[in-house]
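Q: Structure file final23.csv, CSV, C-alpha atoms and all ligand atoms, is pasted below:
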chain,number,residue,atom,x,y,z
A,3,MET,CA,0.0,0.0,0.0
A,4,ARG,CA,1.3,3.4,-0.9
A,5,PRO,CA,0.3,5.7,2.0
A,6,HIS,CA,-0.5,9.0,0.3
A,7,LEU,CA,-3.6,7.6,-1.4
A,8,GLY,CA,-4.3,5.0,1.1
A,9,PHE,CA,-6.2,2.4,-0.8
A,10,ILE,CA,-5.3,-1.1,0.1
A,11,HIS,CA,-5.4,-2.9,-3.3
A,12,GLU,CA,-4.5,-5.9,-5.3
A,13,PHE,CA,-2.8,-5.5,-8.7
A,14,VAL,CA,-2.5,-8.3,-11.2
A,15,PRO,CA,-0.4,-7.4,-14.3
A,16,GLY,CA,-1.9,-8.1,-17.7
A,17,THR,CA,-0.7,-8.9,-21.2
A,18,SER,CA,-2.8,-6.4,-23.1
A,19,LYS,CA,-3.2,-2.6,-22.7
A,20,ARG,CA,-6.5,-2.9,-20.9
A,21,THR,CA,-6.9,-2.5,-17.2
A,22,LEU,CA,-10.1,-3.5,-15.4
A,23,LEU,CA,-10.7,-1.4,-12.3
A,24,LEU,CA,-12.5,-3.8,-10.0
A,25,LEU,CA,-14.9,-2.3,-7.4
A,26,HIS,CA,-16.5,-4.6,-4.9
A,27,GLY,CA,-19.9,-4.5,-3.2
A,28,THR,CA,-20.6,-3.7,0.4
A,29,GLY,CA,-18.8,-6.1,2.7
A,30,GLY,CA,-16.3,-7.1,0.0
A,31,ASN,CA,-12.6,-6.6,-0.3
A,32,GLU,CA,-9.8,-6.2,-2.9
A,33,HIS,CA,-9.7,-10.0,-3.5
A,34,ASP,CA,-13.4,-10.5,-4.2
A,35,LEU,CA,-13.6,-9.6,-7.9
A,36,ILE,CA,-10.2,-10.9,-9.1
A,37,SER,CA,-11.6,-14.1,-10.5
A,38,LEU,CA,-14.5,-12.1,-12.1
A,39,GLY,CA,-11.8,-9.9,-13.7
A,40,HIS,CA,-10.0,-12.9,-15.1
A,41,GLU,CA,-13.3,-14.3,-16.4
A,42,LEU,CA,-14.2,-11.0,-18.1
A,43,ASP,CA,-10.8,-10.6,-19.8
A,44,SER,CA,-8.0,-13.0,-19.1
A,45,ASN,CA,-5.4,-10.6,-20.7
A,46,ALA,CA,-6.3,-7.4,-18.9
A,47,ALA,CA,-4.4,-6.0,-15.9
A,48,LEU,CA,-6.5,-5.9,-12.8
A,49,LEU,CA,-6.5,-3.1,-10.3
A,50,SER,CA,-8.7,-3.8,-7.3
A,51,PRO,CA,-8.9,-1.4,-4.4
A,52,ARG,CA,-10.7,-1.9,-1.1
A,53,GLY,CA,-13.3,0.7,-0.1
A,54,LYS,CA,-12.2,2.8,2.8
A,55,ILE,CA,-15.5,3.2,4.6
A,56,LEU,CA,-16.4,0.7,7.3
A,57,GLU,CA,-20.1,0.2,8.0
A,58,ASN,CA,-20.6,-2.3,10.9
A,59,GLY,CA,-17.3,-3.9,9.9
A,60,MET,CA,-18.2,-4.0,6.2
A,61,SER,CA,-16.0,-2.2,3.6
A,62,ARG,CA,-17.7,0.3,1.2
A,63,PHE,CA,-16.6,2.9,-1.1
A,64,PHE,CA,-18.6,5.8,0.4
A,65,ARG,CA,-21.0,6.5,3.3
A,66,ARG,CA,-24.7,6.0,3.2
A,67,LEU,CA,-27.3,7.3,5.5
A,68,ALA,CA,-29.7,4.3,4.9
A,69,GLU,CA,-30.1,1.6,2.2
A,70,GLY,CA,-30.1,3.5,-1.1
A,71,ILE,CA,-29.7,7.0,0.6
A,72,PHE,CA,-26.2,8.2,0.1
A,73,ASP,CA,-24.1,10.8,1.9
A,74,LEU,CA,-23.5,12.9,-1.2
A,75,GLU,CA,-20.6,15.0,0.3
A,76,ASP,CA,-18.8,11.8,1.2
A,77,LEU,CA,-19.6,10.3,-2.2
A,78,LYS,CA,-18.1,13.2,-4.0
A,79,LYS,CA,-15.0,13.2,-1.9
A,80,ARG,CA,-14.5,9.4,-2.2
A,81,THR,CA,-15.1,9.5,-6.0
A,82,ASN,CA,-12.4,12.1,-6.4
A,83,GLU,CA,-10.0,10.1,-4.1
A,84,LEU,CA,-10.7,7.0,-6.2
A,85,ALA,CA,-10.2,8.8,-9.5
A,86,ASP,CA,-6.9,10.2,-8.2
A,87,PHE,CA,-5.8,6.7,-7.0
A,88,VAL,CA,-6.5,5.3,-10.5
A,89,VAL,CA,-4.5,8.1,-12.2
A,90,ALA,CA,-1.6,7.6,-9.7
A,91,GLU,CA,-1.6,3.8,-10.0
A,92,ALA,CA,-1.7,4.0,-13.8
A,93,LYS,CA,1.5,5.9,-13.6
A,94,HIS,CA,3.0,3.7,-11.0
A,95,TYR,CA,2.2,0.4,-12.7
A,96,LYS,CA,2.8,1.9,-16.2
A,97,LEU,CA,-0.7,1.3,-17.4
A,98,ALA,CA,-2.4,2.9,-20.4
A,99,ALA,CA,-4.5,5.5,-18.5
A,100,ASP,CA,-6.9,5.7,-21.4
A,101,GLN,CA,-7.6,2.0,-21.4
A,102,VAL,CA,-9.2,1.7,-18.0
A,103,VAL,CA,-12.6,-0.1,-17.8
A,104,ALA,CA,-14.4,0.2,-14.5
A,105,VAL,CA,-16.1,-3.0,-13.4
A,106,GLY,CA,-18.3,-2.5,-10.3
A,107,TYR,CA,-20.8,-4.6,-8.4
A,108,SER,CA,-23.5,-2.9,-6.3
A,109,ASN,CA,-21.8,-0.3,-4.1
A,110,GLY,CA,-18.7,-0.6,-6.4
A,111,ALA,CA,-21.0,0.0,-9.5
A,112,ASN,CA,-22.4,3.0,-7.8
A,113,ILE,CA,-19.0,4.7,-7.2
A,114,ALA,CA,-18.1,3.7,-10.8
A,115,ALA,CA,-21.2,5.5,-12.1
A,116,SER,CA,-20.2,8.5,-9.8
A,117,MET,CA,-16.7,8.5,-11.4
A,118,LEU,CA,-18.3,8.6,-14.9
A,119,LEU,CA,-20.4,11.6,-13.8
A,120,LEU,CA,-17.8,13.5,-11.8
A,121,ARG,CA,-14.5,12.4,-13.2
A,122,PRO,CA,-15.3,11.4,-16.8
A,123,GLU,CA,-11.7,11.4,-17.9
A,124,THR,CA,-10.9,8.4,-15.7
A,125,PRO,CA,-12.7,5.3,-17.2
A,126,ARG,CA,-13.2,4.9,-20.9
A,127,ALA,CA,-15.9,2.3,-20.4
A,128,ALA,CA,-17.7,0.7,-17.5
A,129,ILE,CA,-19.5,-2.5,-16.6
A,130,LEU,CA,-22.0,-1.8,-13.9
A,131,PHE,CA,-23.7,-4.8,-12.2
A,132,ARG,CA,-26.7,-3.8,-10.1
A,133,ALA,CA,-26.2,-0.1,-10.1
A,134,MET,CA,-28.3,2.9,-8.9
A,135,VAL,CA,-28.2,6.6,-9.6
A,136,PRO,CA,-25.4,7.7,-7.3
A,137,LEU,CA,-26.0,11.4,-7.7
A,138,VAL,CA,-27.2,13.8,-10.4
A,139,PRO,CA,-24.4,16.3,-11.2
A,140,ASP,CA,-25.2,20.0,-11.6
A,141,LYS,CA,-23.8,19.8,-15.1
A,142,LEU,CA,-23.7,16.6,-17.1
A,143,PRO,CA,-20.2,15.7,-18.3
A,144,ASP,CA,-19.4,14.9,-22.0
A,145,LEU,CA,-19.5,11.1,-22.1
A,146,SER,CA,-19.7,10.9,-25.9
A,147,SER,CA,-16.6,8.7,-26.1
A,148,VAL,CA,-17.7,6.4,-23.2
A,149,ARG,CA,-19.4,3.0,-23.4
A,150,VAL,CA,-21.3,1.6,-20.5
A,151,TRP,CA,-22.9,-1.8,-20.0
A,152,ILE,CA,-25.5,-2.1,-17.1
A,153,GLY,CA,-26.7,-5.4,-15.8
A,154,GLY,CA,-29.9,-5.3,-13.7
A,155,GLY,CA,-31.8,-8.0,-11.8
A,156,SER,CA,-35.5,-8.0,-12.8
A,157,ASN,CA,-36.4,-9.1,-9.2
A,158,ASP,CA,-33.8,-7.1,-7.4
A,159,PRO,CA,-35.3,-6.2,-4.0
A,160,ILE,CA,-32.8,-3.3,-3.6
A,161,ILE,CA,-32.8,-1.7,-7.0
A,162,PRO,CA,-36.1,-1.3,-9.0
A,163,ILE,CA,-35.9,-1.5,-12.8
A,164,SER,CA,-37.0,2.2,-12.9
A,165,GLU,CA,-33.9,3.2,-11.0
A,166,THR,CA,-31.6,1.3,-13.4
A,167,ASN,CA,-33.4,2.9,-16.3
A,168,ARG,CA,-33.0,6.3,-14.8
A,169,LEU,CA,-29.3,5.8,-14.5
A,170,ALA,CA,-29.1,4.7,-18.1
A,171,GLU,CA,-31.1,7.8,-19.2
A,172,ILE,CA,-28.7,10.1,-17.3
A,173,LEU,CA,-25.7,8.5,-18.9
A,174,ARG,CA,-27.3,8.6,-22.3
A,175,ASN,CA,-28.2,12.3,-21.8
A,176,ALA,CA,-24.5,12.9,-21.2
A,177,GLY,CA,-23.8,11.2,-24.6
A,178,ALA,CA,-22.6,7.8,-23.4
A,179,ASP,CA,-23.4,4.7,-25.5
A,180,VAL,CA,-25.3,2.6,-22.9
A,181,THR,CA,-26.4,-1.0,-23.1
A,182,VAL,CA,-28.8,-2.3,-20.4
A,183,ARG,CA,-29.6,-5.9,-19.9
A,184,TYR,CA,-32.0,-7.4,-17.3
A,185,PHE,CA,-31.5,-10.9,-15.9
A,186,PRO,CA,-34.1,-13.1,-14.1
A,187,ALA,CA,-32.3,-12.6,-10.8
A,188,GLY,CA,-32.2,-10.5,-7.6
A,189,HIS,CA,-29.4,-8.4,-6.4
A,190,GLU,CA,-26.9,-11.2,-6.7
A,191,LEU,CA,-24.5,-11.5,-9.7
A,192,THR,CA,-25.3,-14.5,-12.0
A,193,PRO,CA,-23.2,-16.5,-14.5
A,194,ALA,CA,-25.4,-15.0,-17.3
A,195,ASP,CA,-24.5,-11.5,-16.2
A,196,VAL,CA,-20.8,-12.3,-16.5
A,197,GLU,CA,-21.1,-14.1,-19.8
A,198,ILE,CA,-23.1,-11.3,-21.5
A,199,ALA,CA,-20.8,-8.6,-20.0
A,200,ARG,CA,-17.8,-10.5,-21.3
A,201,GLU,CA,-19.3,-10.6,-24.8
A,202,TRP,CA,-19.9,-6.9,-24.6
A,203,LEU,CA,-16.4,-6.2,-23.4
A,204,MET,CA,-15.0,-8.1,-26.4
A,205,THR,CA,-16.7,-5.7,-28.7
A,206,LEU,CA,-14.7,-2.7,-27.3
A,207,GLU,CA,-11.7,-2.3,-29.5
B,1,LIG,C1,-25.2,-1.9,-1.3
B,1,LIG,O1,-25.6,-2.7,-0.5
B,1,LIG,O2,-24.1,-1.7,-1.5
B,1,LIG,C2,-26.3,-1.0,-1.9
B,1,LIG,O3,-27.2,-1.7,-2.6
B,1,LIG,C3,-25.7,0.0,-2.8
B,1,LIG,C4,-24.9,1.0,-2.1
B,1,LIG,O4,-25.2,1.3,-0.9
B,1,LIG,O5,-24.1,1.7,-2.8
Starting from the coordinates I provided, produce the structure as C-alpha cells.
Ligand code: MLT
A:
Amino acid sequence: MRPHLGFIHEFVPGTSKRTLLLLHGTGGNEHDLISLGHELDSNAALLSPRGKILENGMSRFFRRLAEGIFDLEDLKKRTNELADFVVAEAKHYKLAADQVVAVGYSNGANIAASMLLLRPETPRAAILFRAMVPLVPDKLPDLSSVRVWIGGGSNDPIIPISETNRLAEILRNAGADVTVRYFPAGHELTPADVEIAREWLMTLE
C-alpha cells in the first residue's frame, strides 16, 4: 500500500493494454472480484482497491445514511479520491491511462457511475452490475466517447428497474453509449451477467 492515497489494493499485471478497475460491493474486499476480472478478460491487468469506509465492519466505497440513501458529500470526496488513485496507480504500474474499464458490483458499481459523472476522464468504459443513480451532477459531463454496460436483476429487491433505467437515461443524456440488460435474478450476480458482459467487453476495441 502506498500511503498518500491509502487504498489497500490488489494488482495483477496483464498482457494487453486494458486495465479492469474492479470495485467490490458492500462487505467485499480487494480480493473478491479478481476471479471475475479474469473471467471477463484474461489478458487485462486488474486493479482492485478496497473501499475505505467501514459500515458495521463491512467495507464500502462511500458512506450511506440508509439503504439507497447516500451521503452525497462523502460520495463526491470518495469519488475524487478513487479517481486520483486510478491516475496515480496507472503511472506507478505503467498502465495505459486511457484503457481503464471500471467494473463494479452494487456499491462498487455506484461509485463507478459516480466516477463517470464527476471524473469522466478516468474510465473509458464501465460495466455496472446492479447499479443505482449515485447522484445527479449540476452539469452533465461529456461522455460521448464512453461506453457503458449495465446489468440489472429483474427481481432485485434493492434496485427497482425504474432506478436502473433512470441511471441509463442520465448517462445517455451525457452522450454515453449505454447497453442495459436485465436478468431473471435478484441483487446477486449471475453467471449469465458475467457471460453477457464478457461478450460486450470483447466488442470494445
Ligand atoms: C449496497 O448494498 O451496496 C447498496 O445496494 C448499494 C450502495 O449502498 O451503494
Q: Produce a table with one row for each residue of chain A that has an atom at most 12 Å from any atom of ligand LIG 1 (chain B), each row naming the nearest atom pair and its distance in Å at one decimal; use all atoms listed in the file; arrange rows by chain and rising residue number; format as a Markdown table.
A:
| residue | atom | partner | partner_atom | distance |
| --- | --- | --- | --- | --- |
| A:Leu25 | CA | B:LIG1 | O2 | 10.9 |
| A:His26 | CA | B:LIG1 | O2 | 8.8 |
| A:Gly27 | CA | B:LIG1 | O2 | 5.3 |
| A:Thr28 | CA | B:LIG1 | O2 | 4.5 |
| A:Gly29 | CA | B:LIG1 | O2 | 8.1 |
| A:Gly30 | CA | B:LIG1 | O2 | 9.6 |
| A:Gly53 | CA | B:LIG1 | O2 | 11.2 |
| A:Ile55 | CA | B:LIG1 | O4 | 11.3 |
| A:Leu56 | CA | B:LIG1 | O2 | 11.9 |
| A:Glu57 | CA | B:LIG1 | O4 | 10.3 |
| A:Met60 | CA | B:LIG1 | O2 | 10.0 |
| A:Ser61 | CA | B:LIG1 | O2 | 9.6 |
| A:Arg62 | CA | B:LIG1 | O2 | 7.2 |
| A:Phe63 | CA | B:LIG1 | O5 | 7.8 |
| A:Phe64 | CA | B:LIG1 | O5 | 7.6 |
| A:Arg65 | CA | B:LIG1 | O4 | 7.9 |
| A:Arg66 | CA | B:LIG1 | O4 | 6.3 |
| A:Leu67 | CA | B:LIG1 | O4 | 9.0 |
| A:Ala68 | CA | B:LIG1 | O4 | 7.9 |
| A:Glu69 | CA | B:LIG1 | O4 | 5.8 |
| A:Gly70 | CA | B:LIG1 | O4 | 5.4 |
| A:Ile71 | CA | B:LIG1 | O4 | 7.4 |
| A:Phe72 | CA | B:LIG1 | O4 | 7.0 |
| A:Asp73 | CA | B:LIG1 | O4 | 10.0 |
| A:Leu74 | CA | B:LIG1 | O5 | 11.3 |
| A:Leu77 | CA | B:LIG1 | O5 | 9.7 |
| A:Gly106 | CA | B:LIG1 | O5 | 10.4 |
| A:Tyr107 | CA | B:LIG1 | O2 | 8.2 |
| A:Ser108 | CA | B:LIG1 | O2 | 5.0 |
| A:Asn109 | CA | B:LIG1 | O5 | 3.3 |
| A:Gly110 | CA | B:LIG1 | O5 | 6.9 |
| A:Ala111 | CA | B:LIG1 | O5 | 7.6 |
| A:Asn112 | CA | B:LIG1 | O5 | 5.4 |
| A:Ile113 | CA | B:LIG1 | O5 | 7.4 |
| A:Ala114 | CA | B:LIG1 | O5 | 10.2 |
| A:Ala115 | CA | B:LIG1 | O5 | 10.5 |
| A:Ser116 | CA | B:LIG1 | O5 | 10.5 |
| A:Leu130 | CA | B:LIG1 | O5 | 11.8 |
| A:Phe131 | CA | B:LIG1 | O3 | 10.7 |
| A:Arg132 | CA | B:LIG1 | O3 | 7.8 |
| A:Ala133 | CA | B:LIG1 | C3 | 7.3 |
| A:Met134 | CA | B:LIG1 | C3 | 7.2 |
| A:Val135 | CA | B:LIG1 | O5 | 9.3 |
| A:Pro136 | CA | B:LIG1 | O5 | 7.6 |
| A:Leu137 | CA | B:LIG1 | O5 | 11.0 |
| A:Gly154 | CA | B:LIG1 | O3 | 12.0 |
| A:Asp158 | CA | B:LIG1 | O3 | 9.8 |
| A:Pro159 | CA | B:LIG1 | O3 | 9.4 |
| A:Ile160 | CA | B:LIG1 | O3 | 5.9 |
| A:Ile161 | CA | B:LIG1 | O3 | 7.1 |
| A:Pro162 | CA | B:LIG1 | O3 | 11.0 |
| A:Glu165 | CA | B:LIG1 | O3 | 11.8 |
| A:Gly188 | CA | B:LIG1 | O3 | 11.3 |
| A:His189 | CA | B:LIG1 | O3 | 8.0 |
| A:Glu190 | CA | B:LIG1 | O3 | 10.4 |
Q: Could you write out the selected residues, including C-alpha atoms, as a PDB file, in the coordinates of the input?
A:
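The new file result29.pdb reads:
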ATOM      1  CA  LEU A  25     -14.900  -2.300  -7.400  1.00  0.00           C
ATOM      2  CA  HIS A  26     -16.500  -4.600  -4.900  1.00  0.00           C
ATOM      3  CA  GLY A  27     -19.900  -4.500  -3.200  1.00  0.00           C
ATOM      4  CA  THR A  28     -20.600  -3.700   0.400  1.00  0.00           C
ATOM      5  CA  GLY A  29     -18.800  -6.100   2.700  1.00  0.00           C
ATOM      6  CA  GLY A  30     -16.300  -7.100   0.000  1.00  0.00           C
ATOM      7  CA  GLY A  53     -13.300   0.700  -0.100  1.00  0.00           C
ATOM      8  CA  ILE A  55     -15.500   3.200   4.600  1.00  0.00           C
ATOM      9  CA  LEU A  56     -16.400   0.700   7.300  1.00  0.00           C
ATOM     10  CA  GLU A  57     -20.100   0.200   8.000  1.00  0.00           C
ATOM     11  CA  MET A  60     -18.200  -4.000   6.200  1.00  0.00           C
ATOM     12  CA  SER A  61     -16.000  -2.200   3.600  1.00  0.00           C
ATOM     13  CA  ARG A  62     -17.700   0.300   1.200  1.00  0.00           C
ATOM     14  CA  PHE A  63     -16.600   2.900  -1.100  1.00  0.00           C
ATOM     15  CA  PHE A  64     -18.600   5.800   0.400  1.00  0.00           C
ATOM     16  CA  ARG A  65     -21.000   6.500   3.300  1.00  0.00           C
ATOM     17  CA  ARG A  66     -24.700   6.000   3.200  1.00  0.00           C
ATOM     18  CA  LEU A  67     -27.300   7.300   5.500  1.00  0.00           C
ATOM     19  CA  ALA A  68     -29.700   4.300   4.900  1.00  0.00           C
ATOM     20  CA  GLU A  69     -30.100   1.600   2.200  1.00  0.00           C
ATOM     21  CA  GLY A  70     -30.100   3.500  -1.100  1.00  0.00           C
ATOM     22  CA  ILE A  71     -29.700   7.000   0.600  1.00  0.00           C
ATOM     23  CA  PHE A  72     -26.200   8.200   0.100  1.00  0.00           C
ATOM     24  CA  ASP A  73     -24.100  10.800   1.900  1.00  0.00           C
ATOM     25  CA  LEU A  74     -23.500  12.900  -1.200  1.00  0.00           C
ATOM     26  CA  LEU A  77     -19.600  10.300  -2.200  1.00  0.00           C
ATOM     27  CA  GLY A 106     -18.300  -2.500 -10.300  1.00  0.00           C
ATOM     28  CA  TYR A 107     -20.800  -4.600  -8.400  1.00  0.00           C
ATOM     29  CA  SER A 108     -23.500  -2.900  -6.300  1.00  0.00           C
ATOM     30  CA  ASN A 109     -21.800  -0.300  -4.100  1.00  0.00           C
ATOM     31  CA  GLY A 110     -18.700  -0.600  -6.400  1.00  0.00           C
ATOM     32  CA  ALA A 111     -21.000   0.000  -9.500  1.00  0.00           C
ATOM     33  CA  ASN A 112     -22.400   3.000  -7.800  1.00  0.00           C
ATOM     34  CA  ILE A 113     -19.000   4.700  -7.200  1.00  0.00           C
ATOM     35  CA  ALA A 114     -18.100   3.700 -10.800  1.00  0.00           C
ATOM     36  CA  ALA A 115     -21.200   5.500 -12.100  1.00  0.00           C
ATOM     37  CA  SER A 116     -20.200   8.500  -9.800  1.00  0.00           C
ATOM     38  CA  LEU A 130     -22.000  -1.800 -13.900  1.00  0.00           C
ATOM     39  CA  PHE A 131     -23.700  -4.800 -12.200  1.00  0.00           C
ATOM     40  CA  ARG A 132     -26.700  -3.800 -10.100  1.00  0.00           C
ATOM     41  CA  ALA A 133     -26.200  -0.100 -10.100  1.00  0.00           C
ATOM     42  CA  MET A 134     -28.300   2.900  -8.900  1.00  0.00           C
ATOM     43  CA  VAL A 135     -28.200   6.600  -9.600  1.00  0.00           C
ATOM     44  CA  PRO A 136     -25.400   7.700  -7.300  1.00  0.00           C
ATOM     45  CA  LEU A 137     -26.000  11.400  -7.700  1.00  0.00           C
ATOM     46  CA  GLY A 154     -29.900  -5.300 -13.700  1.00  0.00           C
ATOM     47  CA  ASP A 158     -33.800  -7.100  -7.400  1.00  0.00           C
ATOM     48  CA  PRO A 159     -35.300  -6.200  -4.000  1.00  0.00           C
ATOM     49  CA  ILE A 160     -32.800  -3.300  -3.600  1.00  0.00           C
ATOM     50  CA  ILE A 161     -32.800  -1.700  -7.000  1.00  0.00           C
ATOM     51  CA  PRO A 162     -36.100  -1.300  -9.000  1.00  0.00           C
ATOM     52  CA  GLU A 165     -33.900   3.200 -11.000  1.00  0.00           C
ATOM     53  CA  GLY A 188     -32.200 -10.500  -7.600  1.00  0.00           C
ATOM     54  CA  HIS A 189     -29.400  -8.400  -6.400  1.00  0.00           C
ATOM     55  CA  GLU A 190     -26.900 -11.200  -6.700  1.00  0.00           C
TER      56      GLU A 190
END
Q: For CA of Ser37 (chain A) and CA of Phe9 (chain A), quote the distance in Å rounded to one decimal.
A: 19.9 Å
Q: Rounded to one decimal place, report the CA of Lys93 (chain A)-CA of Ser147 (chain A) distance in Å.
A: 22.2 Å
Q: Have a look at CA of Ala104 (chain A) and CA of Arg20 (chain A) and let me know their distance in Å, one decimal.
A: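 Rounded to one decimal, the two atoms are 10.6 Å apart.
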Q: Give the answer as one residue: which of A:Asp100, A:Ile172, A:Ile163, A:Leu48 has the shortest atom-to-atom distance to Pro186 (chain A), using only C-alpha atoms?
A: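 Among the listed residues, A:Ile163 lies closest to Pro186 (chain A).
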Q: Find the spatial neighbours of region 195-205 of chain A, counting only C-alpha atoms, within a cut-off of 12 Å - ignore same-chain residues fewer than 5 positions away - and output them as a VMD selection string.
A: chain A and resid 20 to 22 35 37 to 46 102 to 107 126 to 132 149 to 155 180 to 190
Q: Skipping near chain neighbours, those fewer than 2 positions away, what residues fall within 7 Å of Asp144 (chain A) using all atoms listed in the file, listed as a list in words?
A: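 Contacts, in chain order: Leu142, Ser146, Ala176 and Gly177 of chain A.
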Q: Which one of A:Asn31, A:Gln101, A:Ser18, A:Thr124 sits closest to Pro51 (chain A) if you count all atoms listed in the file?
A: A:Asn31
Q: Pick the closest to Pro125 (chain A) from A:Ser156, A:Val89, A:Gly59, A:His94: which is it, counting only C-alpha atoms?
A: A:Val89
